[in-house]
>>> print(open('query26.pdb').read())   # PDB, C-alpha atoms, pLDDT in the B column
ATOM      1  CA  MET A  15     -26.620  15.186-101.430  1.00 45.00           C
ATOM      2  CA  ALA A  16     -26.317  14.459-105.127  1.00 45.00           C
ATOM      3  CA  GLU A  17     -23.947  17.394-105.535  1.00 51.00           C
ATOM      4  CA  PHE A  18     -21.452  15.612-103.267  1.00 49.00           C
ATOM      5  CA  ALA A  19     -21.662  12.244-105.068  1.00 48.00           C
ATOM      6  CA  SER A  20     -18.822  13.109-107.471  1.00 50.00           C
ATOM      7  CA  GLN A  21     -16.581  14.021-104.524  1.00 57.00           C
ATOM      8  CA  TRP A  22     -17.101  10.700-102.747  1.00 67.00           C
ATOM      9  CA  SER A  23     -14.129   9.076-104.381  1.00 78.00           C
ATOM     10  CA  VAL A  24     -10.520   8.895-103.368  1.00 81.00           C
ATOM     11  CA  SER A  25      -9.473  11.302-106.114  1.00 83.00           C
ATOM     12  CA  GLY A  26     -12.336  13.704-105.289  1.00 77.00           C
ATOM     13  CA  ILE A  27     -11.458  13.797-101.609  1.00 77.00           C
ATOM     14  CA  VAL A  28      -7.738  14.233-102.331  1.00 82.00           C
ATOM     15  CA  ARG A  29      -8.469  16.974-104.891  1.00 82.00           C
ATOM     16  CA  THR A  30     -10.574  18.833-102.321  1.00 79.00           C
ATOM     17  CA  MET A  31      -8.487  18.244 -99.216  1.00 81.00           C
ATOM     18  CA  PHE A  32      -4.873  18.446-100.415  1.00 86.00           C
ATOM     19  CA  PRO A  33      -4.792  22.239-100.930  1.00 86.00           C
ATOM     20  CA  ILE A  34      -6.717  22.779 -97.694  1.00 84.00           C
ATOM     21  CA  LEU A  35      -4.290  20.593 -95.731  1.00 84.00           C
ATOM     22  CA  ILE A  36      -1.285  22.435 -97.204  1.00 89.00           C
ATOM     23  CA  VAL A  37      -2.713  25.781 -96.041  1.00 87.00           C
ATOM     24  CA  LEU A  38      -3.595  24.334 -92.618  1.00 82.00           C
ATOM     25  CA  THR A  39      -0.046  23.021 -92.210  1.00 85.00           C
ATOM     26  CA  ALA A  40       1.326  26.509 -92.808  1.00 84.00           C
ATOM     27  CA  ILE A  41      -1.144  27.875 -90.234  1.00 80.00           C
ATOM     28  CA  GLU A  42       0.011  25.267 -87.687  1.00 79.00           C
ATOM     29  CA  LEU A  43       3.604  26.390 -88.172  1.00 83.00           C
ATOM     30  CA  GLY A  44       2.465  29.861 -87.103  1.00 77.00           C
ATOM     31  CA  SER A  45       1.146  28.342 -83.899  1.00 75.00           C
ATOM     32  CA  GLY A  46       4.578  26.929 -83.140  1.00 78.00           C
ATOM     33  CA  LEU A  47       6.173  30.328 -83.675  1.00 81.00           C
ATOM     34  CA  VAL A  48       3.735  31.964 -81.253  1.00 78.00           C
ATOM     35  CA  LEU A  49       4.339  29.196 -78.715  1.00 78.00           C
ATOM     36  CA  ASP A  50       8.092  29.767 -79.017  1.00 83.00           C
ATOM     37  CA  THR A  51       7.691  33.422 -77.967  1.00 84.00           C
ATOM     38  CA  PHE A  52       5.694  32.213 -74.946  1.00 83.00           C
ATOM     39  CA  GLU A  53       8.373  29.742 -73.786  1.00 85.00           C
ATOM     40  CA  GLY A  54       9.888  31.860 -71.005  1.00 87.00           C
ATOM     41  CA  THR A  55       6.514  32.443 -69.346  1.00 86.00           C
ATOM     42  CA  LEU A  56       5.611  28.763 -69.608  1.00 84.00           C
ATOM     43  CA  LEU A  57       8.863  27.693 -67.980  1.00 85.00           C
ATOM     44  CA  GLN A  58       8.410  30.274 -65.237  1.00 88.00           C
ATOM     45  CA  TYR A  59       4.848  29.050 -64.488  1.00 88.00           C
ATOM     46  CA  PRO A  60       4.736  25.291 -65.173  1.00 87.00           C
ATOM     47  CA  SER A  61       0.985  25.003 -64.445  1.00 87.00           C
ATOM     48  CA  LEU A  62       0.435  27.135 -67.553  1.00 89.00           C
ATOM     49  CA  LEU A  63       2.613  24.743 -69.543  1.00 88.00           C
ATOM     50  CA  VAL A  64       0.263  21.930 -68.518  1.00 88.00           C
ATOM     51  CA  LEU A  65      -2.666  24.048 -69.789  1.00 91.00           C
ATOM     52  CA  VAL A  66      -1.316  24.429 -73.346  1.00 90.00           C
ATOM     53  CA  PRO A  67      -2.131  21.013 -74.868  1.00 90.00           C
ATOM     54  CA  VAL A  68      -5.356  20.635 -72.887  1.00 91.00           C
ATOM     55  CA  THR A  69      -6.628  24.078 -73.859  1.00 91.00           C
ATOM     56  CA  ILE A  70      -5.776  23.580 -77.515  1.00 89.00           C
ATOM     57  CA  GLY A  71      -7.281  20.097 -77.550  1.00 89.00           C
ATOM     58  CA  MET A  72     -10.459  21.107 -75.736  1.00 91.00           C
ATOM     59  CA  ALA A  73     -11.059  24.053 -78.087  1.00 90.00           C
ATOM     60  CA  GLY A  74     -10.627  21.755 -81.080  1.00 89.00           C
ATOM     61  CA  ASN A  75     -12.938  19.189 -79.517  1.00 91.00           C
ATOM     62  CA  LEU A  76     -15.662  21.755 -78.861  1.00 92.00           C
ATOM     63  CA  GLY A  77     -15.340  23.048 -82.418  1.00 92.00           C
ATOM     64  CA  SER A  78     -15.405  19.505 -83.812  1.00 92.00           C
ATOM     65  CA  ILE A  79     -18.551  18.623 -81.880  1.00 93.00           C
ATOM     66  CA  LEU A  80     -20.241  21.753 -83.169  1.00 94.00           C
ATOM     67  CA  ALA A  81     -18.993  21.060 -86.707  1.00 93.00           C
ATOM     68  CA  ALA A  82     -20.389  17.522 -86.615  1.00 92.00           C
ATOM     69  CA  ARG A  83     -23.760  18.814 -85.413  1.00 92.00           C
ATOM     70  CA  PHE A  84     -23.853  21.516 -88.106  1.00 92.00           C
ATOM     71  CA  SER A  85     -22.800  19.043 -90.786  1.00 89.00           C
ATOM     72  CA  THR A  86     -25.522  16.583 -89.801  1.00 90.00           C
ATOM     73  CA  ALA A  87     -28.148  19.327 -89.724  1.00 89.00           C
ATOM     74  CA  PHE A  88     -26.876  20.578 -93.090  1.00 87.00           C
ATOM     75  CA  HIS A  89     -27.138  17.123 -94.698  1.00 86.00           C
ATOM     76  CA  LEU A  90     -30.644  16.688 -93.281  1.00 90.00           C
ATOM     77  CA  GLY A  91     -31.672  20.078 -94.656  1.00 88.00           C
ATOM     78  CA  LEU A  92     -32.289  21.492 -91.179  1.00 88.00           C
ATOM     79  CA  LEU A  93     -29.638  24.222 -91.168  1.00 84.00           C
ATOM     80  CA  SER A  94     -30.581  27.542 -92.734  1.00 85.00           C
ATOM     81  CA  PHE A  95     -27.739  29.892 -91.675  1.00 83.00           C
ATOM     82  CA  ALA A  96     -30.402  32.494 -90.888  1.00 85.00           C
ATOM     83  CA  ALA A  97     -29.910  34.725 -87.851  1.00 81.00           C
ATOM     84  CA  THR A  98     -33.180  33.322 -86.487  1.00 87.00           C
ATOM     85  CA  ASP A  99     -32.154  29.660 -86.844  1.00 87.00           C
ATOM     86  CA  ASP A 100     -32.758  28.137 -83.396  1.00 89.00           C
ATOM     87  CA  ARG A 101     -30.613  25.104 -84.240  1.00 89.00           C
ATOM     88  CA  LEU A 102     -27.615  27.333 -84.920  1.00 89.00           C
ATOM     89  CA  ALA A 103     -28.138  29.435 -81.798  1.00 91.00           C
ATOM     90  CA  GLY A 104     -28.903  26.455 -79.561  1.00 93.00           C
ATOM     91  CA  ASN A 105     -25.765  24.600 -80.596  1.00 93.00           C
ATOM     92  CA  ALA A 106     -23.655  27.726 -80.167  1.00 94.00           C
ATOM     93  CA  ILE A 107     -25.044  28.310 -76.671  1.00 96.00           C
ATOM     94  CA  ALA A 108     -24.471  24.654 -75.749  1.00 96.00           C
ATOM     95  CA  THR A 109     -20.848  24.926 -76.926  1.00 96.00           C
ATOM     96  CA  LEU A 110     -20.272  28.031 -74.816  1.00 96.00           C
ATOM     97  CA  ALA A 111     -21.965  26.394 -71.794  1.00 97.00           C
ATOM     98  CA  LEU A 112     -19.674  23.370 -72.141  1.00 95.00           C
ATOM     99  CA  ALA A 113     -16.635  25.655 -72.253  1.00 96.00           C
ATOM    100  CA  VAL A 114     -17.679  27.635 -69.188  1.00 97.00           C
ATOM    101  CA  THR A 115     -18.240  24.356 -67.349  1.00 96.00           C
ATOM    102  CA  LEU A 116     -15.153  22.436 -68.489  1.00 96.00           C
ATOM    103  CA  PHE A 117     -12.350  25.007 -68.634  1.00 97.00           C
ATOM    104  CA  PRO A 118     -12.358  25.874 -64.907  1.00 97.00           C
ATOM    105  CA  LEU A 119     -12.074  22.133 -64.235  1.00 96.00           C
ATOM    106  CA  VAL A 120      -9.194  21.977 -66.710  1.00 95.00           C
ATOM    107  CA  GLY A 121      -7.462  24.845 -64.894  1.00 95.00           C
ATOM    108  CA  ALA A 122      -7.968  23.228 -61.491  1.00 96.00           C
ATOM    109  CA  GLY A 123      -6.725  19.913 -62.850  1.00 94.00           C
ATOM    110  CA  ALA A 124      -3.608  21.522 -64.352  1.00 93.00           C
ATOM    111  CA  TRP A 125      -2.882  23.295 -61.063  1.00 94.00           C
ATOM    112  CA  LEU A 126      -3.410  20.103 -59.034  1.00 94.00           C
ATOM    113  CA  LEU A 127      -1.256  18.009 -61.365  1.00 91.00           C
ATOM    114  CA  GLN A 128       1.573  20.538 -61.236  1.00 90.00           C
ATOM    115  CA  THR A 129       1.251  20.797 -57.443  1.00 91.00           C
ATOM    116  CA  VAL A 130       1.582  17.019 -57.083  1.00 92.00           C
ATOM    117  CA  ILE A 131       4.464  16.745 -59.547  1.00 89.00           C
ATOM    118  CA  GLY A 132       6.613  19.690 -58.590  1.00 85.00           C
ATOM    119  CA  GLY A 133       4.858  22.633 -56.998  1.00 78.00           C
ATOM    120  CA  THR A 134       3.272  25.675 -58.564  1.00 77.00           C
ATOM    121  CA  ALA A 135       4.258  29.294 -58.811  1.00 82.00           C
ATOM    122  CA  LEU A 136       0.711  30.557 -59.362  1.00 92.00           C
ATOM    123  CA  PRO A 137      -2.292  30.391 -57.041  1.00 94.00           C
ATOM    124  CA  LEU A 138      -5.190  28.082 -57.940  1.00 95.00           C
ATOM    125  CA  ARG A 139      -7.566  30.969 -58.649  1.00 96.00           C
ATOM    126  CA  THR A 140      -5.168  32.484 -61.198  1.00 96.00           C
ATOM    127  CA  VAL A 141      -4.755  29.240 -63.133  1.00 96.00           C
ATOM    128  CA  VAL A 142      -8.524  28.614 -63.059  1.00 97.00           C
ATOM    129  CA  LEU A 143      -9.193  32.194 -64.194  1.00 97.00           C
ATOM    130  CA  VAL A 144      -6.680  31.892 -67.060  1.00 97.00           C
ATOM    131  CA  ALA A 145      -8.322  28.622 -68.118  1.00 97.00           C
ATOM    132  CA  LEU A 146     -11.844  30.056 -67.872  1.00 97.00           C
ATOM    133  CA  VAL A 147     -11.091  33.275 -69.757  1.00 98.00           C
ATOM    134  CA  SER A 148      -9.033  31.616 -72.497  1.00 97.00           C
ATOM    135  CA  GLY A 149     -11.501  28.723 -72.790  1.00 96.00           C
ATOM    136  CA  SER A 150     -14.534  30.999 -73.038  1.00 97.00           C
ATOM    137  CA  LEU A 151     -12.875  33.166 -75.689  1.00 97.00           C
ATOM    138  CA  LEU A 152     -11.773  30.063 -77.579  1.00 96.00           C
ATOM    139  CA  ALA A 153     -15.303  28.659 -77.493  1.00 96.00           C
ATOM    140  CA  LEU A 154     -16.647  31.904 -78.970  1.00 97.00           C
ATOM    141  CA  LEU A 155     -13.964  31.838 -81.654  1.00 96.00           C
ATOM    142  CA  ALA A 156     -14.614  28.134 -82.343  1.00 95.00           C
ATOM    143  CA  ILE A 157     -18.311  28.936 -82.831  1.00 95.00           C
ATOM    144  CA  VAL A 158     -17.457  31.674 -85.330  1.00 95.00           C
ATOM    145  CA  VAL A 159     -14.873  29.575 -87.182  1.00 95.00           C
ATOM    146  CA  THR A 160     -17.204  26.567 -87.317  1.00 94.00           C
ATOM    147  CA  THR A 161     -20.172  28.589 -88.534  1.00 94.00           C
ATOM    148  CA  VAL A 162     -18.151  30.442 -91.172  1.00 94.00           C
ATOM    149  CA  THR A 163     -16.408  27.272 -92.376  1.00 94.00           C
ATOM    150  CA  THR A 164     -19.663  25.319 -92.579  1.00 92.00           C
ATOM    151  CA  TYR A 165     -21.255  28.163 -94.500  1.00 92.00           C
ATOM    152  CA  ALA A 166     -18.233  28.401 -96.829  1.00 92.00           C
ATOM    153  CA  ALA A 167     -18.432  24.650 -97.487  1.00 90.00           C
ATOM    154  CA  TYR A 168     -22.093  25.109 -98.363  1.00 89.00           C
ATOM    155  CA  ARG A 169     -21.410  28.094-100.668  1.00 90.00           C
ATOM    156  CA  PHE A 170     -18.509  26.365-102.460  1.00 89.00           C
ATOM    157  CA  GLU A 171     -20.483  23.097-102.708  1.00 86.00           C
ATOM    158  CA  LEU A 172     -17.947  21.174-100.648  1.00 85.00           C
ATOM    159  CA  ASP A 173     -18.907  18.350 -98.344  1.00 84.00           C
ATOM    160  CA  PRO A 174     -18.729  19.813 -94.821  1.00 87.00           C
ATOM    161  CA  ASP A 175     -17.847  16.339 -93.499  1.00 83.00           C
ATOM    162  CA  ASP A 176     -14.549  16.567 -95.397  1.00 83.00           C
ATOM    163  CA  VAL A 177     -13.686  20.216 -94.834  1.00 88.00           C
ATOM    164  CA  VAL A 178     -15.065  21.671 -91.627  1.00 90.00           C
ATOM    165  CA  ILE A 179     -13.494  19.547 -88.876  1.00 90.00           C
ATOM    166  CA  PRO A 180      -9.906  19.752 -90.221  1.00 89.00           C
ATOM    167  CA  VAL A 181     -10.218  23.515 -90.641  1.00 91.00           C
ATOM    168  CA  VAL A 182     -11.808  24.025 -87.224  1.00 92.00           C
ATOM    169  CA  THR A 183      -9.304  21.883 -85.318  1.00 90.00           C
ATOM    170  CA  ASN A 184      -6.285  23.464 -87.005  1.00 87.00           C
ATOM    171  CA  VAL A 185      -7.523  27.022 -86.630  1.00 91.00           C
ATOM    172  CA  CYS A 186      -8.453  26.318 -82.992  1.00 90.00           C
ATOM    173  CA  ASP A 187      -4.897  25.035 -82.405  1.00 86.00           C
ATOM    174  CA  VAL A 188      -3.466  28.351 -83.528  1.00 87.00           C
ATOM    175  CA  LEU A 189      -6.132  30.420 -81.780  1.00 91.00           C
ATOM    176  CA  GLY A 190      -5.652  28.309 -78.643  1.00 90.00           C
ATOM    177  CA  VAL A 191      -2.004  29.312 -78.368  1.00 88.00           C
ATOM    178  CA  VAL A 192      -2.704  32.973 -79.171  1.00 90.00           C
ATOM    179  CA  VAL A 193      -5.692  33.300 -76.807  1.00 94.00           C
ATOM    180  CA  LEU A 194      -3.973  31.445 -73.951  1.00 93.00           C
ATOM    181  CA  PHE A 195      -0.913  33.670 -74.402  1.00 92.00           C
ATOM    182  CA  GLY A 196      -3.147  36.771 -74.379  1.00 93.00           C
ATOM    183  CA  ALA A 197      -5.013  35.649 -71.268  1.00 95.00           C
ATOM    184  CA  VAL A 198      -1.745  34.994 -69.455  1.00 93.00           C
ATOM    185  CA  ARG A 199      -0.402  38.410 -70.480  1.00 93.00           C
ATOM    186  CA  VAL A 200      -3.499  40.139 -69.084  1.00 95.00           C
ATOM    187  CA  LEU A 201      -4.122  38.007 -65.966  1.00 94.00           C
ATOM    188  CA  VAL A 202      -0.690  36.960 -64.684  1.00 88.00           C
TER
END
>>> encode(input="query26.pdb", output="structure tokens")
Amino acid sequence: MAEFASQWSVSGIVRTMFPILIVLTAIELGSGLVLDTFEGTLLQYPSLLVLVPVTIGMAGNLGSILAARFSTAFHLGLLSFAATDDRLAGNAIATLALAVTLFPLVGAGAWLLQTVIGGTALPLRTVVLVALVSGSLLALLAIVVTTVTTYAAYRFELDPDDVVIPVVTNVCDVLGVVVLFGAVRVLV
């Protein structure tokens, strides 16, 4: 913890985070460009349009939860980054289990909301399948991004509390758009 003491100042946090936030902003712009290419499909199938913010947000939330757990374990000296680390594997499995449980509900909710508001062009099972497939892939990617970012923070002696969650949520935003778009291309 002593190695982070010098960074626990306003200038230390700004010095660490400013370049990271600039890069993350550029990455977010890429997400908007991908979403723009997806516009016609989203307007054709409005239930998928409802899925976009929820899918992106849920992926970021799952990654943030995992990042907070890794960061706490790291600060307590309980995280080893070894392939045999049960804490790492257990948290990854829990994240995937949450995704497999929540994303079908998200798909059903998006379909129901669109049905109530203005009708749907896709059957319930298709929207649920798109949500499940994209959500499961996003959870796997969030696990990888969170693990790699936490490890990078450790290697570069950065405080994971400052670095990991912003990186994970921004990267999951971009991946959320790309993976949802890919799932729709394959399944619809």
>>> closest_atom_pairs(input="query26.pdb", of="stretch 109-183 of chain A", to="stretch 63-82 of chain A", cutoff="7 Å", atoms="all atoms listed in the file", output="tab-separated table")
residue	atom	partner	partner_atom	distance
A:Thr109	CA	A:Leu76	CA	6.4
A:Gly121	CA	A:Leu65	CA	6.9
A:Ala124	CA	A:Val64	CA	5.7
A:Gly149	CA	A:Thr69	CA	6.8
A:Leu152	CA	A:Ala73	CA	6.1
A:Ala153	CA	A:Ala73	CA	6.3
A:Ala156	CA	A:Gly77	CA	5.1
A:Ile157	CA	A:Gly77	CA	6.6
A:Thr160	CA	A:Ala81	CA	5.8
A:Val178	CA	A:Ala81	CA	6.3
A:Ile179	CA	A:Ser78	CA	5.4
A:Val182	CA	A:Gly77	CA	6.0
A:Thr183	CA	A:Gly74	CA	4.4
>>> closest_residue(input="query26.pdb", among="A:Leu62, A:Val200, A:Ile27, A:Leu93", to="A:Pro137", atoms="all atoms listed in the file")
A:Leu62
>>> residues_around(input="query26.pdb", residues="stretch 192-198 of chain A", least_positions_apart="5", cutoff="10 Å", atoms="all atoms listed in the file", output="PDB file with C-alpha atoms, keeping the file's coordinate frame")
ATOM      1  CA  GLY A  44       2.465  29.861 -87.103  1.00 77.00           C
ATOM      2  CA  SER A  45       1.146  28.342 -83.899  1.00 75.00           C
ATOM      3  CA  VAL A  48       3.735  31.964 -81.253  1.00 78.00           C
ATOM      4  CA  LEU A  49       4.339  29.196 -78.715  1.00 78.00           C
ATOM      5  CA  THR A  51       7.691  33.422 -77.967  1.00 84.00           C
ATOM      6  CA  PHE A  52       5.694  32.213 -74.946  1.00 83.00           C
ATOM      7  CA  THR A  55       6.514  32.443 -69.346  1.00 86.00           C
ATOM      8  CA  LEU A  56       5.611  28.763 -69.608  1.00 84.00           C
ATOM      9  CA  LEU A  62       0.435  27.135 -67.553  1.00 89.00           C
ATOM     10  CA  LEU A  65      -2.666  24.048 -69.789  1.00 91.00           C
ATOM     11  CA  VAL A  66      -1.316  24.429 -73.346  1.00 90.00           C
ATOM     12  CA  THR A  69      -6.628  24.078 -73.859  1.00 91.00           C
ATOM     13  CA  ILE A  70      -5.776  23.580 -77.515  1.00 89.00           C
ATOM     14  CA  THR A 140      -5.168  32.484 -61.198  1.00 96.00           C
ATOM     15  CA  VAL A 141      -4.755  29.240 -63.133  1.00 96.00           C
ATOM     16  CA  LEU A 143      -9.193  32.194 -64.194  1.00 97.00           C
ATOM     17  CA  VAL A 144      -6.680  31.892 -67.060  1.00 97.00           C
ATOM     18  CA  ALA A 145      -8.322  28.622 -68.118  1.00 97.00           C
ATOM     19  CA  LEU A 146     -11.844  30.056 -67.872  1.00 97.00           C
ATOM     20  CA  VAL A 147     -11.091  33.275 -69.757  1.00 98.00           C
ATOM     21  CA  SER A 148      -9.033  31.616 -72.497  1.00 97.00           C
ATOM     22  CA  GLY A 149     -11.501  28.723 -72.790  1.00 96.00           C
ATOM     23  CA  SER A 150     -14.534  30.999 -73.038  1.00 97.00           C
ATOM     24  CA  LEU A 151     -12.875  33.166 -75.689  1.00 97.00           C
ATOM     25  CA  LEU A 152     -11.773  30.063 -77.579  1.00 96.00           C
ATOM     26  CA  LEU A 155     -13.964  31.838 -81.654  1.00 96.00           C
ATOM     27  CA  CYS A 186      -8.453  26.318 -82.992  1.00 90.00           C
ATOM     28  CA  ASP A 187      -4.897  25.035 -82.405  1.00 86.00           C
TER      29      ASP A 187
END
>>> closest_residue(input="query26.pdb", among="A:Leu154, A:Val159, A:Leu127, A:Ala96", to="A:Ala108", atoms="all atoms listed in the file")
A:Leu154
>>> closest_residue(input="query26.pdb", among="A:Ser61, A:Ser23, A:Ser94, A:Thr161", to="A:Ile131", atoms="only C-alpha atoms")
A:Ser61
>>> closest_residue(input="query26.pdb", among="A:Leu92, A:Leu35, A:Ala135, A:Val142", to="A:Pro60", atoms="all atoms listed in the file")
A:Ala135
>>> closest_residue(input="query26.pdb", among="A:Ala97, A:Thr115, A:Ser25, A:Ile34", to="A:Val185", atoms="all atoms listed in the file")
A:Ile34
>>> axis_aligned_box(input="query26.pdb", around="stretch 171-187 of chain A", padding_each_side="8 Å", output="lines of an AutoDock Vina configuration file")
center_x = -12.7
center_y = 21.7
center_z = -92.6
size_x = 31.6
size_y = 26.7
size_z = 36.3
